[in-house]
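The block underneath contains the structure these notes are about, expressed in structure tokens.
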Amino acid sequence: MAKENKKGGFSVYWIYAILGVSLIAFQLYMSGDSQVSISDKKTLFSLIEAKGVRKIEIINEKSAEFYLSKEGVAYVNSMKGGDYETIKKAFKKEGVVKGKEIVFEIENIGDLGNFQRDLDDRKAAYEIVPRVNYLSQILSYILPFGIIILIWIFVMRRMSGGGGGGGGGSQIFNIGKSRAQVYDKGKSTNITFKDVAGLAEAKIEIVEIVEFLKNPKKYTDIGAKIPKGALLVGPPGTGKTLLAKAVAGEAKVPFFSLSGSDFVEMFVGVGASRVRDLFKQAKEKAPSIIFIDEIDAIGRARGKNNGFNSNDERENTLNQLLTEMDGFGTNSGVIILAATNRADVLDSALMRAGRFDRQIYVDMPDLNERKEIFQVHLKPLKLEPNLDVDFLSKQTPGFSGADIANLCNEAALIAARNGKKKVEKQDFLDAVDRIIGGLEKKNKIITIEEKKAIAFHEAGHATISWLLEYAHPLVKVTIVPRGQSLGAAWYLPDERSITTTEQLLDQMCSALGGRAAEEITFGKISTGALSDLEKVTKQAYAMVSIYGLNKRLGNVSFYDSQGRDSFTKPYSEDTSRIIDEEVSILIEQQYQRALSTLKEHEDKLILLAEKLLKTEVIFKEDLELIFGKRIWDKDKELAEEILPKPKRRSKKIVPPSDESEATNA
């Protein structure tokens, strides 16, 4: 590296040198004989009349310079005020009189003819002298170009990585070089597979990839080929990048890490050039691993919206990546890892075998995996004795690994804010509320009528969810404003692998319970059910047009996993009308079901709402006192004791509707 730095090219110090030389030249130009500016021509004329001027020169017919004689010096010393005081100060200035001659200058002589006439009238001898300042003219031509060049070098240095590393201004020629961070020669991320909790299936495949590079002979001896690439797919926060960091920490081979956006640049051809340079470096250090995070930045499907951009730089970068991964040339000894949460938008050529041989799905953690993740993130915290980790795992369904890490940190912050020395169970529950619902707004101004409407709304949700078999079990209901919601109900959804029609209908009915409670109690409805209606509408459209759960339409699905029909509908106008009608019927049926259920238990609904108005927060135990224990909970507990636990989970089928654990009022 030291030798490369010595070669060097343009250095930033050259800029300082150029500026210094220019400044010195300017000073030399401005120096020479000392000059004193005179503001009034009458002073010159008075000195001429007193025979105090020895020589007069008219410079370029615009200004005049003159020199004083001994008589002129004596005359000036006898006068007071005006320009005479300026001339006297020049006499007193150190080093001006001795060895140097003072040049007095009148910068603007006005009309040349009149000035000459005034001099002739006073019989003064003068000379018209043309003077050319060559240095000034040269600088006036060179300086603008120099400034443009300096600005260009500065911009290019910034765009190509700034001043980091050697080479100085040669960075301008390195803009097409790869920006990958290299972990090699003992450099590591200090993260191993032990630091990655959960993700058992994904870790098995990732560990095997590392094993391919550590011990390739074991596989090649029986004719197997090492996979060329593995694509990590999954929702945000599930640990895709963390797995890659563990690979960089575990693999004893060079590891190149960069993001998909690192290939994107404003200059044409830079992305493809960086891809070429990246694979060139990886091949030189083979066996090696390349990790591209958020690969959807350059890997999106080609051929979309080409009319808007005839020369798509992103597509050129993708074409080069496809060629490098599995093209005409050889690419042995290099394994490509990539991560994305948008696998549906990736180009099919990128996804094929031979490029990404394996697609590793990194799913949301289940109950046992959440427990493992909690145990990792709880280690640095000072906890109360005997903290129930199983309880925390059950209270966080749908949380990703990143969410759990945030939850643990938020709980510690809450404990410290309250002056505690250790993090307690209640701090974790408060952190869950904070993350799901937002910050409490106890000072928010709410009228008595609004508060009563919110209480009955939330009580309606709680009542329906308690009385229906497949509705999510209730954990907590509050009417304390949080975030953008005026009230919320927290549920503990069952971790299902598939969802039936009955389960979806019960969830829809539960979501409409808030508006139904308002209508029963007050005889009118409000805008508080906006989020409920949004969720129910999405769910109904999914049932009818995606999951084929409607008898009138039958077993058809218009779901487009590739997103190719974003501008057109894959069905006729008649079918569109039928879908709208069926969705409306479906929602209205569940609303009427919610109304009838609440009317049947109106007395208990009122008791629950009044308790909520009094305490502002109610829990599962409060509902058990009013409604009694749910019979379905008893059945589930009995089934868990009798039936063996499944060893493996099937892949979840998650409805596209955005189901939230908190139902906003």
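Here's how to read the names in the structure tokens: chain A, B, ... by the order shown, residue numbers from 1 in each chain, ligand numbers from 1 in the order shown.
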
Would you kindly return, as a ChimeraX atom specification, each protein, DNA or RNA residue with an atom no farther than 7 Å from any atom of range 449-460 of chain A, considering only C-alpha atoms and excluding same-chain residues fewer than 5 positions away?
/A:477,479,487-489,513-515,517-518,605,608-609,612-613,665

For range 386-395 of chain A, work out the shell of residues within 7 Å, counting only C-alpha atoms and skipping chain neighbours fewer than 3 positions away, then give it as a VMD selection string.
chain A and resid 367 370 to 371 425 492

Can you spit out the residues from that selection as a PDB file, in the first residue's frame, using N, CA and C atoms?
ATOM      1  N   LEU A 367     -42.319 -18.605  18.379  1.00  0.00           N
ATOM      2  CA  LEU A 367     -42.245 -18.450  19.827  1.00  0.00           C
ATOM      3  C   LEU A 367     -40.881 -18.868  20.375  1.00  0.00           C
ATOM      4  N   ARG A 370     -38.098 -16.513  19.212  1.00  0.00           N
ATOM      5  CA  ARG A 370     -38.133 -15.228  19.922  1.00  0.00           C
ATOM      6  C   ARG A 370     -37.495 -15.358  21.298  1.00  0.00           C
ATOM      7  N   LYS A 371     -37.702 -16.510  21.929  1.00  0.00           N
ATOM      8  CA  LYS A 371     -37.081 -16.741  23.234  1.00  0.00           C
ATOM      9  C   LYS A 371     -35.556 -16.717  23.114  1.00  0.00           C
ATOM     10  N   LYS A 425     -40.202  -6.592  34.786  1.00  0.00           N
ATOM     11  CA  LYS A 425     -41.194  -7.126  33.847  1.00  0.00           C
ATOM     12  C   LYS A 425     -42.117  -6.027  33.329  1.00  0.00           C
ATOM     13  N   LEU A 492     -53.395 -10.990  21.251  1.00  0.00           N
ATOM     14  CA  LEU A 492     -52.329 -11.972  21.168  1.00  0.00           C
ATOM     15  C   LEU A 492     -52.704 -12.990  20.099  1.00  0.00           C
TER      16      LEU A 492
END

Could you make a table, as CSV, of the residues of range 327-443 of chain A that have an atom within 9 Å of an atom of range 230-235 of chain A, each with its nearest atom pair and distance in Å to one decimal, counting only C-alpha atoms, in chain and number order?
residue,atom,partner,partner_atom,distance
A:Ile335,CA,A:Ala230,CA,8.0
A:Ile336,CA,A:Ala230,CA,6.4
A:Leu337,CA,A:Ala230,CA,5.0
A:Ala338,CA,A:Leu231,CA,4.9
A:Ala339,CA,A:Leu232,CA,4.6
A:Thr340,CA,A:Val233,CA,5.4
A:Asn341,CA,A:Gly234,CA,5.1
A:Arg342,CA,A:Val233,CA,7.6
A:Ala343,CA,A:Val233,CA,6.5
A:Met351,CA,A:Leu231,CA,8.4
A:Arg355,CA,A:Ala230,CA,8.3
A:Phe356,CA,A:Ala230,CA,5.1
A:Asp357,CA,A:Ala230,CA,6.0
A:Arg358,CA,A:Ala230,CA,4.7
A:Gln359,CA,A:Leu231,CA,4.7
A:Ile360,CA,A:Leu232,CA,4.9
A:Tyr361,CA,A:Val233,CA,4.9
A:Val362,CA,A:Gly234,CA,4.8
A:Asp363,CA,A:Gly234,CA,5.6
A:Met364,CA,A:Pro235,CA,7.2
A:Ser400,CA,A:Pro235,CA,8.4

I want to know what sits within 12 Å of Ala125 in chain A, based on only C-alpha atoms, with residues of the same chain fewer than 6 positions away left out; could you give that as a PyMOL selection string?
chain A and resi 48+51+53-58+66+116-119

Within 10 Å of Val432 in chain A, counting only C-alpha atoms, which residues show up once you throw out same-chain ones fewer than 2 positions away? Write them as a count of residues only, please.
21

Find the spatial neighbours of Lys245 in chain A, counting only C-alpha atoms, within a cut-off of 9 Å - ignore same-chain residues fewer than 6 positions away - and output them as a PDB file with N, CA, C and O atoms, in the first residue's frame.
ATOM      1  N   SER A 188     -12.154  -8.954  10.661  1.00  0.00           N
ATOM      2  CA  SER A 188     -13.415  -9.668  10.827  1.00  0.00           C
ATOM      3  C   SER A 188     -14.471  -8.725  11.380  1.00  0.00           C
ATOM      4  O   SER A 188     -14.163  -7.632  11.861  1.00  0.00           O
ATOM      5  N   THR A 189     -15.721  -9.180  11.328  1.00  0.00           N
ATOM      6  CA  THR A 189     -16.828  -8.395  11.885  1.00  0.00           C
ATOM      7  C   THR A 189     -17.031  -8.672  13.370  1.00  0.00           C
ATOM      8  O   THR A 189     -17.880  -8.044  13.994  1.00  0.00           O
ATOM      9  N   ASN A 190     -16.299  -9.651  13.930  1.00  0.00           N
ATOM     10  CA  ASN A 190     -16.420 -10.057  15.337  1.00  0.00           C
ATOM     11  C   ASN A 190     -17.809 -10.607  15.653  1.00  0.00           C
ATOM     12  O   ASN A 190     -18.248 -10.564  16.805  1.00  0.00           O
ATOM     13  N   ILE A 191     -18.510 -11.090  14.648  1.00  0.00           N
ATOM     14  CA  ILE A 191     -19.818 -11.724  14.834  1.00  0.00           C
ATOM     15  C   ILE A 191     -19.723 -13.147  14.296  1.00  0.00           C
ATOM     16  O   ILE A 191     -19.225 -13.362  13.185  1.00  0.00           O
ATOM     17  N   THR A 192     -20.183 -14.093  15.098  1.00  0.00           N
ATOM     18  CA  THR A 192     -20.155 -15.495  14.691  1.00  0.00           C
ATOM     19  C   THR A 192     -21.578 -16.035  14.665  1.00  0.00           C
ATOM     20  O   THR A 192     -22.531 -15.342  15.026  1.00  0.00           O
TER      21      THR A 192
END

Report, in Å with one decimal, the straight-line distance from CA of Phe154 in chain A to CA of Ser261 in chain A.
22.3 Å
